[in-house]
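**Q** Next comes query_36.json, JSON, C-alpha atoms and all ligand atoms:
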[["chain", "number", "residue", "atom", "x", "y", "z"],
["A", 1, "MET", "CA", -29.70, 193.51, -9.06],
["A", 2, "ALA", "CA", -32.36, 195.31, -7.05],
["A", 3, "ALA", "CA", -33.08, 192.08, -5.16],
["A", 4, "ASP", "CA", -29.37, 191.72, -4.32],
["A", 5, "THR", "CA", -29.20, 195.19, -2.85],
["A", 6, "GLU", "CA", -32.36, 194.53, -0.86],
["A", 7, "ALA", "CA", -30.90, 191.29, 0.50],
["A", 8, "ALA", "CA", -27.64, 193.01, 1.44],
["A", 9, "ALA", "CA", -29.55, 195.78, 3.22],
["A", 10, "GLY", "CA", -31.62, 193.13, 5.01],
["A", 11, "LEU", "CA", -28.46, 191.35, 6.13],
["A", 12, "ARG", "CA", -26.96, 194.60, 7.46],
["A", 13, "ALA", "CA", -30.18, 195.38, 9.34],
["A", 14, "GLY", "CA", -30.22, 191.84, 10.73],
["A", 15, "ARG", "CA", -26.63, 192.15, 11.97],
["A", 16, "ARG", "CA", -27.39, 195.52, 13.57],
["A", 17, "ASP", "CA", -30.43, 194.03, 15.32],
["A", 18, "GLY", "CA", -28.36, 191.04, 16.39],
["A", 19, "PHE", "CA", -25.70, 193.32, 17.87],
["A", 20, "TRP", "CA", -28.18, 195.37, 19.88],
["A", 21, "LEU", "CA", -30.08, 192.30, 20.99],
["A", 22, "LEU", "CA", -26.83, 190.82, 22.27],
["A", 23, "VAL", "CA", -25.83, 194.02, 24.09],
["A", 24, "LEU", "CA", -29.29, 194.39, 25.65],
["A", 25, "TRP", "CA", -29.43, 190.70, 26.56],
["A", 26, "ILE", "CA", -26.05, 190.81, 28.33],
["A", 27, "ALA", "CA", -26.92, 194.02, 30.21],
["A", 28, "LEU", "CA", -30.37, 192.76, 31.28],
["A", 29, "SER", "CA", -28.96, 189.33, 32.17],
["A", 30, "VAL", "CA", -26.36, 190.85, 34.52],
["A", 31, "ILE", "CA", -29.10, 192.85, 36.26],
["A", 32, "GLY", "CA", -31.47, 189.85, 36.24],
["A", 33, "CYS", "CA", -28.87, 187.44, 37.68],
["A", 34, "LEU", "CA", -27.96, 189.90, 40.47],
["A", 35, "CYS", "CA", -31.64, 190.45, 41.35],
["A", 36, "VAL", "CA", -32.39, 186.71, 41.43],
["A", 37, "ALA", "CA", -29.26, 185.77, 43.40],
["A", 38, "LEU", "CA", -29.32, 188.64, 45.91],
["A", 39, "LEU", "CA", -32.98, 189.64, 46.24],
["A", 40, "LEU", "CA", -35.03, 186.52, 45.41],
["A", 41, "GLY", "CA", -32.58, 183.82, 46.58],
["A", 42, "PRO", "CA", -32.77, 184.49, 50.35],
["A", 43, "HIS", "CA", -36.59, 184.16, 50.17],
["A", 44, "LEU", "CA", -36.70, 180.90, 48.24],
["A", 45, "PRO", "CA", -38.09, 177.83, 50.01],
["A", 46, "PRO", "CA", -37.36, 175.89, 52.14],
["A", 47, "GLY", "CA", -35.37, 178.57, 54.01],
["A", 48, "ARG", "CA", -32.25, 177.92, 56.07],
["A", 49, "GLN", "CA", -33.47, 176.28, 59.29],
["A", 50, "SER", "CA", -31.23, 173.25, 58.80],
["A", 51, "SER", "CA", -28.14, 172.20, 56.86],
["A", 52, "SER", "CA", -30.20, 170.34, 54.26],
["A", 53, "ALA", "CA", -32.69, 173.22, 53.90],
["A", 54, "ALA", "CA", -29.83, 175.69, 53.43],
["A", 55, "SER", "CA", -28.17, 173.57, 50.75],
["A", 56, "GLN", "CA", -31.50, 173.20, 48.94],
["A", 57, "GLN", "CA", -32.07, 176.96, 49.02],
["A", 58, "THR", "CA", -28.57, 177.49, 47.62],
["A", 59, "ASP", "CA", -29.30, 175.00, 44.83],
["A", 60, "TYR", "CA", -32.59, 176.70, 43.93],
["A", 61, "THR", "CA", -30.81, 180.05, 43.90],
["A", 62, "VAL", "CA", -28.10, 178.71, 41.56],
["A", 63, "LEU", "CA", -30.70, 177.17, 39.22],
["A", 64, "ALA", "CA", -32.90, 180.28, 39.21],
["A", 65, "THR", "CA", -29.85, 182.47, 38.53],
["A", 66, "ILE", "CA", -28.79, 180.30, 35.60],
["A", 67, "ALA", "CA", -32.36, 180.32, 34.26],
["A", 68, "ALA", "CA", -32.64, 184.13, 34.41],
["A", 69, "PRO", "CA", -30.61, 184.84, 31.20],
["A", 70, "VAL", "CA", -32.63, 182.19, 29.34],
["A", 71, "VAL", "CA", -35.97, 183.72, 30.39],
["A", 72, "ILE", "CA", -34.69, 187.23, 29.68],
["A", 73, "GLY", "CA", -33.38, 186.10, 26.25],
["A", 74, "VAL", "CA", -36.72, 184.57, 25.23],
["A", 75, "LEU", "CA", -38.78, 187.54, 26.44],
["A", 76, "LEU", "CA", -36.38, 190.06, 24.89],
["A", 77, "TYR", "CA", -36.47, 188.26, 21.54],
["A", 78, "ILE", "CA", -40.31, 188.12, 21.58],
["A", 79, "GLY", "CA", -40.49, 191.80, 22.54],
["A", 80, "TRP", "CA", -38.00, 192.81, 19.84],
["A", 81, "ALA", "CA", -39.85, 190.76, 17.19],
["A", 82, "LEU", "CA", -43.17, 192.33, 18.14],
["A", 83, "ALA", "CA", -41.72, 195.86, 18.13],
["A", 84, "PHE", "CA", -39.44, 195.84, 15.08],
["A", 85, "TRP", "CA", -40.04, 192.77, 12.96],
["A", 86, "ARG", "CA", -43.78, 192.73, 12.67],
["A", 87, "GLN", "CA", -45.40, 193.04, 9.26],
["A", 88, "ARG", "CA", -45.99, 196.65, 8.22],
["A", 89, "PRO", "CA", -49.39, 197.60, 6.81],
["A", 90, "GLY", "CA", -49.42, 196.99, 3.05],
["A", 91, "ASP", "CA", -46.22, 194.92, 3.09],
["A", 92, "GLU", "CA", -47.06, 191.69, 1.26],
["A", 93, "THR", "CA", -43.49, 190.43, 0.71],
["A", 94, "ASP", "CA", -42.07, 187.28, 2.27],
["A", 95, "ALA", "CA", -39.03, 187.23, 4.52],
["A", 96, "ALA", "CA", -35.73, 185.89, 3.15],
["A", 97, "PRO", "CA", -35.66, 182.07, 3.28],
["A", 98, "ILE", "CA", -33.24, 180.58, 5.81],
["A", 99, "HIS", "CA", -31.17, 177.49, 4.93],
["A", 100, "GLY", "CA", -29.55, 176.62, 8.24],
["A", 101, "ASN", "CA", -26.62, 178.19, 10.00],
["A", 102, "THR", "CA", -23.80, 175.87, 11.04],
["A", 103, "ARG", "CA", -22.23, 178.36, 13.41],
["A", 104, "ILE", "CA", -25.46, 179.01, 15.32],
["A", 105, "SER", "CA", -26.19, 175.26, 15.46],
["A", 106, "ALA", "CA", -22.69, 174.50, 16.76],
["A", 107, "ILE", "CA", -22.83, 177.24, 19.41],
["A", 108, "TRP", "CA", -26.35, 176.18, 20.46],
["A", 109, "ILE", "CA", -25.42, 172.50, 20.86],
["A", 110, "THR", "CA", -22.13, 173.28, 22.65],
["A", 111, "VAL", "CA", -23.65, 175.75, 25.11],
["A", 112, "SER", "CA", -26.63, 173.47, 25.88],
["A", 113, "SER", "CA", -24.35, 170.45, 26.40],
["A", 114, "VAL", "CA", -21.96, 172.37, 28.66],
["A", 115, "ILE", "CA", -24.85, 173.69, 30.80],
["A", 116, "VAL", "CA", -26.55, 170.29, 31.13],
["A", 117, "LEU", "CA", -23.33, 168.37, 31.89],
["A", 118, "ALA", "CA", -22.10, 171.02, 34.35],
["A", 119, "LEU", "CA", -25.46, 170.86, 36.16],
["A", 120, "ALA", "CA", -25.22, 167.06, 36.29],
["A", 121, "VAL", "CA", -21.83, 167.35, 38.02],
["A", 122, "TYR", "CA", -23.11, 170.11, 40.33],
["A", 123, "GLY", "CA", -26.25, 168.11, 41.18],
["A", 124, "THR", "CA", -24.22, 165.00, 42.00],
["A", 125, "ILE", "CA", -21.87, 166.93, 44.30],
["A", 126, "GLU", "CA", -24.84, 168.64, 45.96],
["A", 127, "LEU", "CA", -26.44, 165.25, 46.62],
["A", 128, "ILE", "CA", -23.33, 163.59, 48.03],
["A", 129, "SER", "CA", -21.70, 166.36, 50.07],
["A", 130, "PRO", "CA", -24.73, 167.17, 52.32],
["A", 131, "ALA", "CA", -25.26, 163.40, 52.96],
["A", 132, "GLY", "CA", -28.24, 162.84, 50.69],
["A", 133, "ALA", "CA", -29.47, 166.47, 50.90],
["A", 134, "GLY", "CA", -32.18, 165.60, 53.45],
["A", 135, "ALA", "CA", -33.74, 162.88, 51.30],
["A", 136, "GLY", "CA", -34.34, 159.28, 52.34],
["A", 137, "GLU", "CA", -31.36, 157.10, 51.43],
["A", 138, "GLY", "CA", -32.90, 153.71, 52.20],
["A", 139, "PRO", "CA", -31.87, 151.30, 54.95],
["A", 140, "GLN", "CA", -28.12, 151.40, 54.20],
["A", 141, "PRO", "CA", -27.21, 155.03, 53.58],
["A", 142, "ILE", "CA", -24.01, 155.45, 51.59],
["A", 143, "TRP", "CA", -23.55, 159.14, 52.43],
["A", 144, "LYS", "CA", -23.36, 159.98, 56.14],
["A", 145, "PRO", "CA", -22.74, 163.40, 57.69],
["A", 146, "ALA", "CA", -18.99, 163.94, 57.99],
["A", 147, "GLY", "CA", -17.53, 163.11, 61.39],
["A", 148, "THR", "CA", -20.53, 161.15, 62.70],
["A", 149, "THR", "CA", -20.78, 157.55, 63.83],
["A", 150, "THR", "CA", -23.48, 155.36, 65.36],
["A", 151, "SER", "CA", -21.41, 154.18, 68.26],
["A", 152, "SER", "CA", -24.35, 153.93, 70.68],
["A", 153, "LEU", "CA", -28.06, 153.33, 70.11],
["A", 154, "THR", "CA", -28.85, 153.63, 73.81],
["A", 155, "SER", "CA", -27.22, 156.87, 74.85],
["A", 156, "TRP", "CA", -26.43, 160.26, 73.38],
["A", 157, "THR", "CA", -24.16, 163.08, 74.48],
["A", 158, "PRO", "CA", -24.19, 166.43, 72.69],
["A", 159, "GLY", "CA", -21.02, 167.43, 70.89],
["A", 160, "THR", "CA", -19.79, 163.86, 70.36],
["A", 161, "SER", "CA", -19.53, 162.01, 67.05],
["A", 162, "ASN", "CA", -22.33, 159.61, 68.09],
["A", 163, "ILE", "CA", -25.27, 160.78, 66.00],
["A", 164, "LEU", "CA", -28.71, 161.51, 67.51],
["A", 165, "GLN", "CA", -31.26, 158.88, 66.46],
["A", 166, "VAL", "CA", -34.90, 159.81, 65.94],
["A", 167, "GLN", "CA", -37.27, 157.18, 64.66],
["A", 168, "VAL", "CA", -40.21, 158.51, 62.66],
["A", 169, "ILE", "CA", -43.22, 156.18, 62.61],
["A", 170, "GLY", "CA", -46.06, 156.87, 60.19],
["A", 171, "GLN", "CA", -49.49, 155.31, 60.54],
["A", 172, "GLN", "CA", -52.99, 156.17, 59.42],
["A", 173, "TRP", "CA", -53.16, 159.04, 60.34],
["A", 174, "ALA", "CA", -50.54, 160.28, 62.71],
["A", 175, "TRP", "CA", -46.81, 160.62, 63.18],
["A", 176, "THR", "CA", -45.04, 159.40, 66.28],
["A", 177, "PHE", "CA", -41.37, 159.78, 67.12],
["A", 178, "ARG", "CA", -39.23, 157.38, 69.09],
["A", 179, "TYR", "CA", -36.01, 158.31, 70.85],
["A", 180, "PRO", "CA", -34.02, 155.09, 71.41],
["A", 181, "GLN", "CA", -31.10, 156.91, 73.09],
["A", 182, "PHE", "CA", -33.37, 158.24, 75.86],
["A", 183, "GLY", "CA", -34.94, 155.02, 77.03],
["A", 184, "GLY", "CA", -36.92, 154.45, 73.83],
["A", 185, "PHE", "CA", -40.01, 156.57, 74.60],
["A", 186, "GLU", "CA", -42.46, 157.23, 71.78],
["A", 187, "THR", "CA", -44.19, 160.61, 71.54],
["A", 188, "THR", "CA", -46.22, 162.74, 69.16],
["A", 189, "GLN", "CA", -43.78, 165.64, 69.70],
["A", 190, "LEU", "CA", -40.78, 166.02, 67.42],
["A", 191, "MET", "CA", -38.08, 167.94, 69.28],
["A", 192, "LEU", "CA", -34.55, 168.40, 67.98],
["A", 193, "PRO", "CA", -31.44, 170.08, 69.39],
["A", 194, "VAL", "CA", -29.82, 172.90, 67.43],
["A", 195, "GLY", "CA", -26.39, 172.35, 65.87],
["A", 196, "GLU", "CA", -26.39, 168.55, 66.30],
["A", 197, "PRO", "CA", -26.57, 166.13, 63.35],
["A", 198, "VAL", "CA", -29.74, 164.01, 63.39],
["A", 199, "GLN", "CA", -30.41, 160.64, 61.85],
["A", 200, "PHE", "CA", -34.09, 160.06, 61.05],
["A", 201, "ASN", "CA", -35.06, 156.40, 60.79],
["A", 202, "VAL", "CA", -38.35, 156.58, 58.93],
["A", 203, "THR", "CA", -40.79, 153.66, 58.87],
["A", 204, "SER", "CA", -44.52, 152.94, 58.76],
["A", 205, "LEU", "CA", -46.99, 150.66, 60.51],
["A", 206, "ASP", "CA", -49.43, 150.34, 57.61],
["A", 207, "VAL", "CA", -49.38, 152.00, 54.18],
["A", 208, "ILE", "CA", -46.75, 154.17, 52.49],
["A", 209, "HIS", "CA", -46.52, 157.64, 54.03],
["A", 210, "SER", "CA", -43.90, 160.30, 53.42],
["A", 211, "PHE", "CA", -42.23, 162.20, 56.24],
["A", 212, "TRP", "CA", -41.85, 165.78, 55.07],
["A", 213, "ALA", "CA", -40.32, 168.24, 57.53],
["A", 214, "TYR", "CA", -40.66, 171.09, 55.09],
["A", 215, "THR", "CA", -38.47, 173.86, 56.49],
["A", 216, "LEU", "CA", -35.83, 171.33, 57.57],
["A", 217, "GLY", "CA", -35.54, 170.25, 53.93],
["A", 218, "VAL", "CA", -36.12, 166.62, 54.94],
["A", 219, "LYS", "CA", -38.32, 164.28, 52.95],
["A", 220, "ALA", "CA", -38.32, 160.50, 53.20],
["A", 221, "ASP", "CA", -40.91, 157.87, 52.31],
["A", 222, "ALA", "CA", -42.23, 155.88, 55.27],
["A", 223, "ASN", "CA", -42.61, 152.29, 54.11],
["A", 224, "PRO", "CA", -43.96, 149.44, 56.25],
["A", 225, "GLY", "CA", -41.25, 146.91, 57.06],
["A", 226, "LEU", "CA", -38.46, 149.19, 55.90],
["A", 227, "ASN", "CA", -36.11, 151.68, 57.54],
["A", 228, "ASN", "CA", -35.50, 154.77, 55.41],
["A", 229, "VAL", "CA", -32.63, 156.92, 56.71],
["A", 230, "ALA", "CA", -32.35, 160.70, 56.19],
["A", 231, "TYR", "CA", -29.95, 163.19, 57.76],
["A", 232, "THR", "CA", -29.95, 166.85, 58.65],
["A", 233, "THR", "CA", -28.42, 169.27, 61.16],
["A", 234, "PRO", "CA", -30.84, 171.90, 62.54],
["A", 235, "GLU", "CA", -29.12, 175.29, 62.42],
["A", 236, "HIS", "CA", -31.75, 177.63, 63.90],
["A", 237, "THR", "CA", -34.14, 177.19, 66.81],
["A", 238, "GLY", "CA", -37.86, 177.57, 66.17],
["A", 239, "TYR", "CA", -40.91, 175.72, 64.97],
["A", 240, "PHE", "CA", -41.21, 173.70, 61.79],
["A", 241, "GLN", "CA", -44.04, 171.83, 60.10],
["A", 242, "VAL", "CA", -44.22, 168.12, 59.46],
["A", 243, "ARG", "CA", -46.61, 166.82, 56.83],
["A", 244, "CYS", "CA", -47.37, 163.57, 55.12],
["A", 245, "ALA", "CA", -46.43, 163.92, 51.44],
["A", 246, "GLU", "CA", -47.89, 160.64, 50.19],
["A", 247, "LEU", "CA", -51.65, 160.20, 49.74],
["A", 248, "CYS", "CA", -52.28, 157.59, 52.45],
["A", 249, "GLY", "CA", -56.04, 157.46, 52.93],
["A", 250, "ILE", "CA", -59.00, 159.65, 53.80],
["A", 251, "TRP", "CA", -57.36, 161.66, 56.62],
["A", 252, "HIS", "CA", -54.02, 162.08, 54.82],
["A", 253, "GLY", "CA", -54.52, 165.85, 54.88],
["A", 254, "SER", "CA", -54.73, 165.95, 58.68],
["A", 255, "MET", "CA", -51.45, 164.08, 59.11],
["A", 256, "TYR", "CA", -49.34, 166.98, 60.26],
["A", 257, "ASP", "CA", -47.36, 168.04, 63.28],
["A", 258, "THR", "CA", -45.47, 171.04, 64.50],
["A", 259, "GLY", "CA", -41.93, 170.20, 65.54],
["A", 260, "GLU", "CA", -39.45, 172.42, 67.30],
["A", 261, "VAL", "CA", -35.70, 172.96, 67.23],
["A", 262, "LEU", "CA", -34.56, 173.69, 70.79],
["A", 263, "SER", "CA", -31.30, 174.71, 72.37],
["A", 264, "VAL", "CA", -29.26, 171.66, 73.40],
["A", 265, "ALA", "CA", -29.96, 172.33, 77.10],
["A", 266, "ASP", "CA", -33.72, 172.64, 76.51],
["A", 267, "PHE", "CA", -33.69, 169.51, 74.38],
["A", 268, "LEU", "CA", -31.96, 167.50, 77.12],
["A", 269, "LYS", "CA", -34.42, 168.87, 79.68],
["A", 270, "TRP", "CA", -37.34, 167.85, 77.42],
["A", 271, "THR", "CA", -35.99, 164.31, 76.96],
["A", 272, "GLN", "CA", -35.65, 163.85, 80.72],
["A", 273, "THR", "CA", -39.17, 165.15, 81.46],
["A", 274, "THR", "CA", -40.74, 163.12, 78.65],
["A", 275, "LYS", "CA", -38.85, 160.00, 79.63],
["A", 276, "VAL", "CA", -40.32, 160.21, 83.13],
["A", 277, "GLN", "CA", -43.82, 161.18, 81.92],
["A", 278, "LEU", "CA", -44.03, 158.29, 79.47],
["A", 279, "ALA", "CA", -42.22, 155.68, 81.55],
["A", 280, "ALA", "CA", -45.37, 153.53, 82.12],
["A", 281, "LEU", "CA", -46.15, 153.54, 78.39],
["A", 282, "THR", "CA", -42.55, 152.95, 77.31],
["A", 283, "LYS", "CA", -42.56, 149.76, 79.37],
["A", 284, "ILE", "CA", -45.33, 148.23, 77.26],
["A", 285, "LEU", "CA", -43.91, 149.29, 73.89],
["A", 286, "PRO", "CA", -42.21, 146.63, 71.83],
["A", 287, "PRO", "CA", -38.43, 146.86, 72.17],
["A", 288, "TYR", "CA", -36.87, 149.45, 69.90],
["A", 289, "ALA", "CA", -36.38, 148.10, 66.40],
["A", 290, "LEU", "CA", -35.90, 149.69, 62.98],
["A", 291, "THR", "CA", -39.18, 148.19, 61.72],
["A", 292, "TYR", "CA", -42.34, 147.01, 63.47],
["A", 293, "ASP", "CA", -45.06, 144.48, 62.94],
["A", 294, "PRO", "CA", -48.21, 146.32, 64.10],
["A", 295, "THR", "CA", -50.21, 143.11, 64.39],
["A", 296, "ASN", "CA", -47.79, 141.87, 67.02],
["A", 297, "ILE", "CA", -49.10, 143.72, 70.07],
["A", 298, "PRO", "CA", -47.99, 142.21, 73.36],
["A", 299, "ALA", "CA", -51.50, 141.99, 74.82],
["A", 300, "GLY", "CA", -50.37, 140.48, 78.10],
["A", 301, "LYS", "CA", -48.10, 143.41, 78.88],
["A", 302, "ILE", "CA", -50.75, 145.95, 77.95],
["A", 303, "ASN", "CA", -53.34, 144.23, 80.11],
["A", 304, "GLN", "CA", -50.84, 144.24, 82.93],
["A", 305, "ALA", "CA", -50.15, 147.94, 82.49],
["A", 306, "LEU", "CA", -53.86, 148.71, 82.40],
["A", 307, "GLY", "CA", -54.39, 146.67, 85.58],
["A", 308, "LEU", "CA", -56.51, 144.03, 83.81],
["A", 309, "THR", "CA", -56.23, 140.32, 84.37],
["A", 310, "SER", "CA", -55.71, 138.18, 81.30],
["A", 311, "ALA", "CA", -59.02, 136.40, 82.03],
["A", 312, "GLY", "CA", -61.14, 139.52, 82.22],
["A", 313, "GLY", "CA", -61.59, 140.80, 78.66],
["A", 314, "GLY", "CA", -58.71, 143.18, 78.39],
["A", 315, "TYR", "CA", -56.98, 144.84, 75.54],
["A", 316, "TYR", "CA", -58.01, 143.94, 72.03],
["A", 317, "ASN", "CA", -55.28, 142.09, 70.19],
["A", 318, "PRO", "CA", -55.90, 141.79, 66.44],
["A", 319, "ALA", "CA", -53.28, 139.05, 66.21],
["A", 320, "ASP", "CA", -55.11, 136.85, 68.70],
["A", 321, "PRO", "CA", -57.61, 134.50, 66.92],
["A", 322, "GLU", "CA", -59.40, 133.92, 70.24],
["A", 323, "GLN", "CA", -60.57, 137.53, 70.33],
["A", 324, "PRO", "CA", -63.52, 138.78, 68.25],
["B", 401, "CU", "CU", -49.67, 159.60, 55.58]]
Output the file's structure as structure tokens, nothing else.

**A**
Amino acid sequence: MAADTEAAAGLRAGRRDGFWLLVLWIALSVIGCLCVALLLGPHLPPGRQSSSAASQQTDYTVLATIAAPVVIGVLLYIGWALAFWRQRPGDETDAAPIHGNTRISAIWITVSSVIVLALAVYGTIELISPAGAGAGEGPQPIWKPAGTTTSSLTSWTPGTSNILQVQVIGQQWAWTFRYPQFGGFETTQLMLPVGEPVQFNVTSLDVIHSFWAYTLGVKADANPGLNNVAYTTPEHTGYFQVRCAELCGIWHGSMYDTGEVLSVADFLKWTQTTKVQLAALTKILPPYALTYDPTNIPAGKINQALGLTSAGGGYYNPADPEQP
């Protein structure tokens, strides 16, 4: 009889604790979600310099906001247990044994399933709608930025549907960038116009690198013999960092660049100046292609450009068995 009364009192105390835990959890979760979404969210990486970066920041904000009530629930429960449910000095009794609770199990499984499945749907939409979310889509991208085409690979006019092409070439240990629509020059500078969709065609001359334009939210593996396409639209002018995100040899860590998003007018000015500056070099480059064979260097053309005769030594061609 005494045990029954004790159990009933324990149950009442448990329900009271449960009620206050729930009230506290809801109140703290509302505050926590607002703080994460409004205060932390705008500072989450990778920022909002481009369309893909902005969509990634939004996704991280959504995930962090959803996670806040879970974190708060766990910490609150631990805190409550430490404060009110710890063993009192001299108390040697055991707690009441628990034999399962169908309602809690059902709620737990339902809520977890709903969250996971809803996030799967959200994640899929967030991958498709921003055209791959800045990630490499392989040589035949299935999601392209809305309203863009590749009607010309040899010219580009701002504000038209013809998308700007920038080829990204990785090699041990540098990045170069080729602009086929401006005569096909190749440069170590990555310049982009603001507000215009860009198609990156990422490839490599040797090992696997990874083109990671961090604050643009663009990341695509650079594989030799393969064209890996990624899209973004820069939305703010300013500098951004490019790094290699795939361990590619001893100087992997020095494989970085600073790119810049320019106004459309400045970008066009830059392409014209660079085109003229690099004209002599552009002439000896292999014709623009989506992949390159680095062993196939046209030695004759290079010798010619350097003013050397083919008989007099000249440029080293690794593909030529006659050369040492
Ligand atoms: Cu690399």

**Q** Let me see if you get this right: every residue at most 6 Å from ligand CU 401 (chain B), counting all atoms listed in the file, written as a ChimeraX atom specification.

**A** /A:173,209,244,246,248,252,255

**Q** Expressed in Å to a single decimal, how great is the separation between atom CA of A:Pro145 and atom CA of A:Glu126?

**A**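 These atoms are spaced 13.0 Å apart.
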
**Q** Quick one: pull the distance between atom CA of A:Gly184 and atom CA of A:Leu285, Å, one decimal.

**A**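 These two atoms are separated by 8.7 Å.
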
**Q** Which residues are close to A:Thr157, i.e. within 12 Å by all atoms listed in the file, leaving aside same-chain residues fewer than 3 positions away? Reply as a list in words.

**A** Thr150, Ser151, Ser152, Leu153, Thr154, Thr160, Ser161, Asn162, Ile163, Leu164, Gln165, Gln181, Phe182, Pro193, Glu196, Pro197, Val264, Ala265, Phe267 and Leu268 of chain A

**Q** In Å, with one decimal, what is the gap from atom CA of A:Tyr231 to atom CA of A:Val198?

**A**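 Straight-line distance from atom CA of A:Tyr231 to atom CA of A:Val198 works out to 5.7 Å.
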
**Q** Determine, counting only C-alpha atoms, which protein, DNA and RNA residues have an atom within 10 Å of an atom of A:Leu247; residues of the same chain fewer than 4 positions away are not included. Present the result as a PyMOL selection string.

**A** chain A and resi 207-210+251-253

**Q** Output, as lines of an AutoDock Vina configuration file, the centre and edge lengths in Å (one decimal) of the axis-aligned box that contains all listed atoms of stretch 279-298 of chain A with 4 Å of margin on each side.

**A**
center_x = -43.1
center_y = 148.8
center_z = 71.9
size_x = 22.3
size_y = 21.8
size_z = 28.4

**Q** Rank A:Leu28, A:Ala37, A:Leu11, A:Leu22 by their smallest atom-to-atom distance to A:Ile98, using all atoms listed in the file, and report the top residue only.

**A**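 For A:Ile98, the nearest of the candidates is A:Leu11.
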
**Q** Closest to A:Gln241 among A:Ala289, A:Ile128, A:Ile31, A:Met191, using all atoms listed in the file?

**A**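 For A:Gln241, the nearest of the candidates is A:Met191.
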
**Q** Env of A:Ile66: 10 Å cut, atoms = all atoms listed in the file, seq-sep filter 6 positions within chain, self excluded. Answer as a ChimeraX atom specification.

**A** /A:29,32-33,36-37,60,115

**Q** Pull C-alpha atoms from the residues just selected and write them as a compact mmCIF listing (two decimals), keeping the file's coordinate frame.

**A**
# COMPACT_ATOMS: atom_id res chain seq x y z
CA SER A 29 -28.96 189.33 32.17
CA GLY A 32 -31.47 189.85 36.24
CA CYS A 33 -28.87 187.44 37.68
CA VAL A 36 -32.39 186.71 41.43
CA ALA A 37 -29.26 185.77 43.40
CA TYR A 60 -32.59 176.70 43.93
CA ILE A 115 -24.85 173.69 30.80

**Q** Which residues come within 10 Å of A:Asp59, counting all atoms listed in the file, excluding same-chain residues fewer than 5 positions away, as a list in words?

**A**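 With the cut-off at 10 Å, the set is Gly41, Ala53, Ala54, Ala64, Thr65, Tyr122, Gly123 and Glu126 of chain A.
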
**Q** Limited to C-alpha atoms, could you put the picked residues into a file as a PDB file, in the coordinates of the input?

**A**
ATOM      1  CA  GLY A  41     -32.580 183.820  46.580  1.00  0.00           C
ATOM      2  CA  ALA A  53     -32.690 173.220  53.900  1.00  0.00           C
ATOM      3  CA  ALA A  54     -29.830 175.690  53.430  1.00  0.00           C
ATOM      4  CA  ALA A  64     -32.900 180.280  39.210  1.00  0.00           C
ATOM      5  CA  THR A  65     -29.850 182.470  38.530  1.00  0.00           C
ATOM      6  CA  TYR A 122     -23.110 170.110  40.330  1.00  0.00           C
ATOM      7  CA  GLY A 123     -26.250 168.110  41.180  1.00  0.00           C
ATOM      8  CA  GLU A 126     -24.840 168.640  45.960  1.00  0.00           C
TER       9      GLU A 126
END

**Q** A:Leu40, A:Ala135, A:Glu6, A:Thr148: which is nearest A:Ala95, counting only C-alpha atoms?

**A**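 Closest to A:Ala95 of all the choices is A:Glu6.
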
**Q** Would you please work out which residue, of A:Arg103, A:His236, A:Arg88, A:Arg12, is nearest to A:Ser50 when using all atoms listed in the file?

**A** A:His236

**Q** For the point (-38.6, 163.9, 70.7) in file coordinates, what residues are within 12 Å, counting all atoms listed in the file? Give the answer as an MDAnalysis selection string?

**A** chainID A and resid 164:168 175:193 198 200 258:262 266:275 278

**Q** Go ahead and write the residues just picked, C-alpha atoms, as a short mmCIF file (atom, residue, chain, number, x, y, z; two decimals), in the frame of the given file.

**A**
data_model
loop_
_atom_site.label_atom_id
_atom_site.label_comp_id
_atom_site.auth_asym_id
_atom_site.auth_seq_id
_atom_site.Cartn_x
_atom_site.Cartn_y
_atom_site.Cartn_z
CA LEU A 164 -28.71 161.51 67.51
CA GLN A 165 -31.26 158.88 66.46
CA VAL A 166 -34.90 159.81 65.94
CA GLN A 167 -37.27 157.18 64.66
CA VAL A 168 -40.21 158.51 62.66
CA TRP A 175 -46.81 160.62 63.18
CA THR A 176 -45.04 159.40 66.28
CA PHE A 177 -41.37 159.78 67.12
CA ARG A 178 -39.23 157.38 69.09
CA TYR A 179 -36.01 158.31 70.85
CA PRO A 180 -34.02 155.09 71.41
CA GLN A 181 -31.10 156.91 73.09
CA PHE A 182 -33.37 158.24 75.86
CA GLY A 183 -34.94 155.02 77.03
CA GLY A 184 -36.92 154.45 73.83
CA PHE A 185 -40.01 156.57 74.60
CA GLU A 186 -42.46 157.23 71.78
CA THR A 187 -44.19 160.61 71.54
CA THR A 188 -46.22 162.74 69.16
CA GLN A 189 -43.78 165.64 69.70
CA LEU A 190 -40.78 166.02 67.42
CA MET A 191 -38.08 167.94 69.28
CA LEU A 192 -34.55 168.40 67.98
CA PRO A 193 -31.44 170.08 69.39
CA VAL A 198 -29.74 164.01 63.39
CA PHE A 200 -34.09 160.06 61.05
CA THR A 258 -45.47 171.04 64.50
CA GLY A 259 -41.93 170.20 65.54
CA GLU A 260 -39.45 172.42 67.30
CA VAL A 261 -35.70 172.96 67.23
CA LEU A 262 -34.56 173.69 70.79
CA ASP A 266 -33.72 172.64 76.51
CA PHE A 267 -33.69 169.51 74.38
CA LEU A 268 -31.96 167.50 77.12
CA LYS A 269 -34.42 168.87 79.68
CA TRP A 270 -37.34 167.85 77.42
CA THR A 271 -35.99 164.31 76.96
CA GLN A 272 -35.65 163.85 80.72
CA THR A 273 -39.17 165.15 81.46
CA THR A 274 -40.74 163.12 78.65
CA LYS A 275 -38.85 160.00 79.63
CA LEU A 278 -44.03 158.29 79.47
#

**Q** Can you pull out the residues contacting A:Gly18? Cut-off 12 Å, using all atoms listed in the file, and skip same-chain residues under 4 positions away; I want them as a PyMOL selection string.

**A** chain A and resi 11-14+22-25+76-77+80-81
